[in-house]
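Chemist: I'd like to ask you about the structure that follows.
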Amino acid sequence: MKVKIEIEDDGMRSTHVFEGEIVRDKVIDFLAAAGVFREGAKNGFRDAAPPKPEDNRTLRDRLEIFVREEFPESWFSSNELRDRYEAVSDDIKLSTVSTYLSRMYYDGVLERRGNRNQRQYRLVTEEFTSEVKYPGKAFKEASWKAESGW
């Protein structure tokens, strides 16, 4: 896909071409930076949206919010999460996604199934919370003293 944007303002003309996989947010960011959305623009566009509050959040928090929005009730793999996240946001390594998914599992945010090669995750909902035991809670509550039964 190819998108060409021409902006003419007070006799100055600029052209920008987007090619390949077009990401909506990147085009909107470009238009906002070019001042297309500013107050009083000749084309009648309204103001750009204010900066998103999630910009100050950690990557783990952003991934958790993303999982809650994109996969509210379905099983997903780390590859599926990475692919969707990269389609709407920044690039991210698969190892980073896997690490954060594992941490969310141990924190009781996600449940998981499958072996290491076919692992899938699902958001824990309130209806399942009482039925599922989470290792994260056991690790936090247990006293890890080495005991010998010999």
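Convention: chains lettered A, B, ... in structure tokens order; per-chain residue numbering from 1; ligands numbered from 1 as shown.
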Can you pull out the residues contacting A:Ile5? Cut-off 8 Å, using only C-alpha atoms, and skip same-chain residues under 4 positions away; I want them as a VMD selection string.
Modeler: chain A and resid 15 to 17
Chemist: Would you write out those residues with N, CA and C atoms, as an mmCIF file, in the first residue's frame?
Modeler:
data_model
loop_
_atom_site.group_PDB
_atom_site.id
_atom_site.type_symbol
_atom_site.label_atom_id
_atom_site.label_comp_id
_atom_site.auth_asym_id
_atom_site.auth_seq_id
_atom_site.Cartn_x
_atom_site.Cartn_y
_atom_site.Cartn_z
ATOM 1 N N THR A 15 5.446 17.247 0.813
ATOM 2 C CA THR A 15 4.901 15.958 0.396
ATOM 3 C C THR A 15 5.575 14.857 1.195
ATOM 4 N N HIS A 16 4.756 13.903 1.629
ATOM 5 C CA HIS A 16 5.302 12.756 2.347
ATOM 6 C C HIS A 16 4.628 11.502 1.805
ATOM 7 N N VAL A 17 5.422 10.456 1.598
ATOM 8 C CA VAL A 17 4.910 9.199 1.054
ATOM 9 C C VAL A 17 5.135 8.092 2.064
#
Chemist: So that I can check the surroundings of A:Ser95, please list as a compact mmCIF listing (two decimals) with C-alpha atoms, in the first residue's frame every protein, DNA and RNA residue that reaches within 10 Å of it, counting only C-alpha atoms and ignoring chain neighbours fewer than 3 positions away.
Modeler:
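out33.txt, written as the output of this step:
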# COMPACT_ATOMS: atom_id res chain seq x y z
CA SER A 78 3.59 -14.95 22.54
CA ASN A 79 4.04 -14.77 18.74
CA ARG A 82 4.09 -9.71 19.44
CA ILE A 92 9.44 -5.70 20.42
CA SER A 98 7.77 -14.13 26.59
CA THR A 99 9.44 -12.75 29.71
CA TYR A 100 6.58 -10.38 30.48
CA LEU A 101 3.94 -13.03 29.77
Chemist: Enter the distance from atom CA of A:Ala33 to atom CA of A:Arg62, in Å, rounded to one decimal.
Modeler: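 A separation of 23.6 Å between them.
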Chemist: Can you list, as a PyMOL selection string, every protein, DNA or RNA residue that comes within 10 Å of A:Val67 when you count only C-alpha atoms, leaving out same-chain residues fewer than 2 positions away?
Modeler: chain A and resi 61-65+69-74+76+81+84-85+101+110+121-123
Chemist: Just C-alpha atoms for this one: save the residues we selected as a CSV table (one decimal), in the first residue's frame.
Modeler:
chain,number,residue,atom,x,y,z
A,61,ASP,CA,2.0,-2.2,32.0
A,62,ARG,CA,1.5,-1.3,28.4
A,63,LEU,CA,1.6,-5.0,27.4
A,64,GLU,CA,-0.9,-5.9,30.2
A,65,ILE,CA,-3.3,-3.2,29.0
A,69,GLU,CA,-7.9,-4.9,25.1
A,70,GLU,CA,-6.9,-7.3,22.3
A,71,PHE,CA,-7.4,-10.7,24.0
A,72,PRO,CA,-10.1,-10.3,26.7
A,73,GLU,CA,-11.4,-13.8,26.5
A,74,SER,CA,-9.3,-15.8,24.0
A,76,PHE,CA,-3.1,-16.4,22.5
A,81,LEU,CA,0.8,-11.0,20.9
A,84,ARG,CA,-0.4,-7.6,17.0
A,85,TYR,CA,1.6,-5.3,19.3
A,101,LEU,CA,3.9,-13.0,29.8
A,110,LEU,CA,-2.7,-14.7,33.1
A,121,TYR,CA,-2.0,-17.6,27.6
A,122,ARG,CA,-5.4,-16.2,28.5
A,123,LEU,CA,-6.4,-13.3,30.7
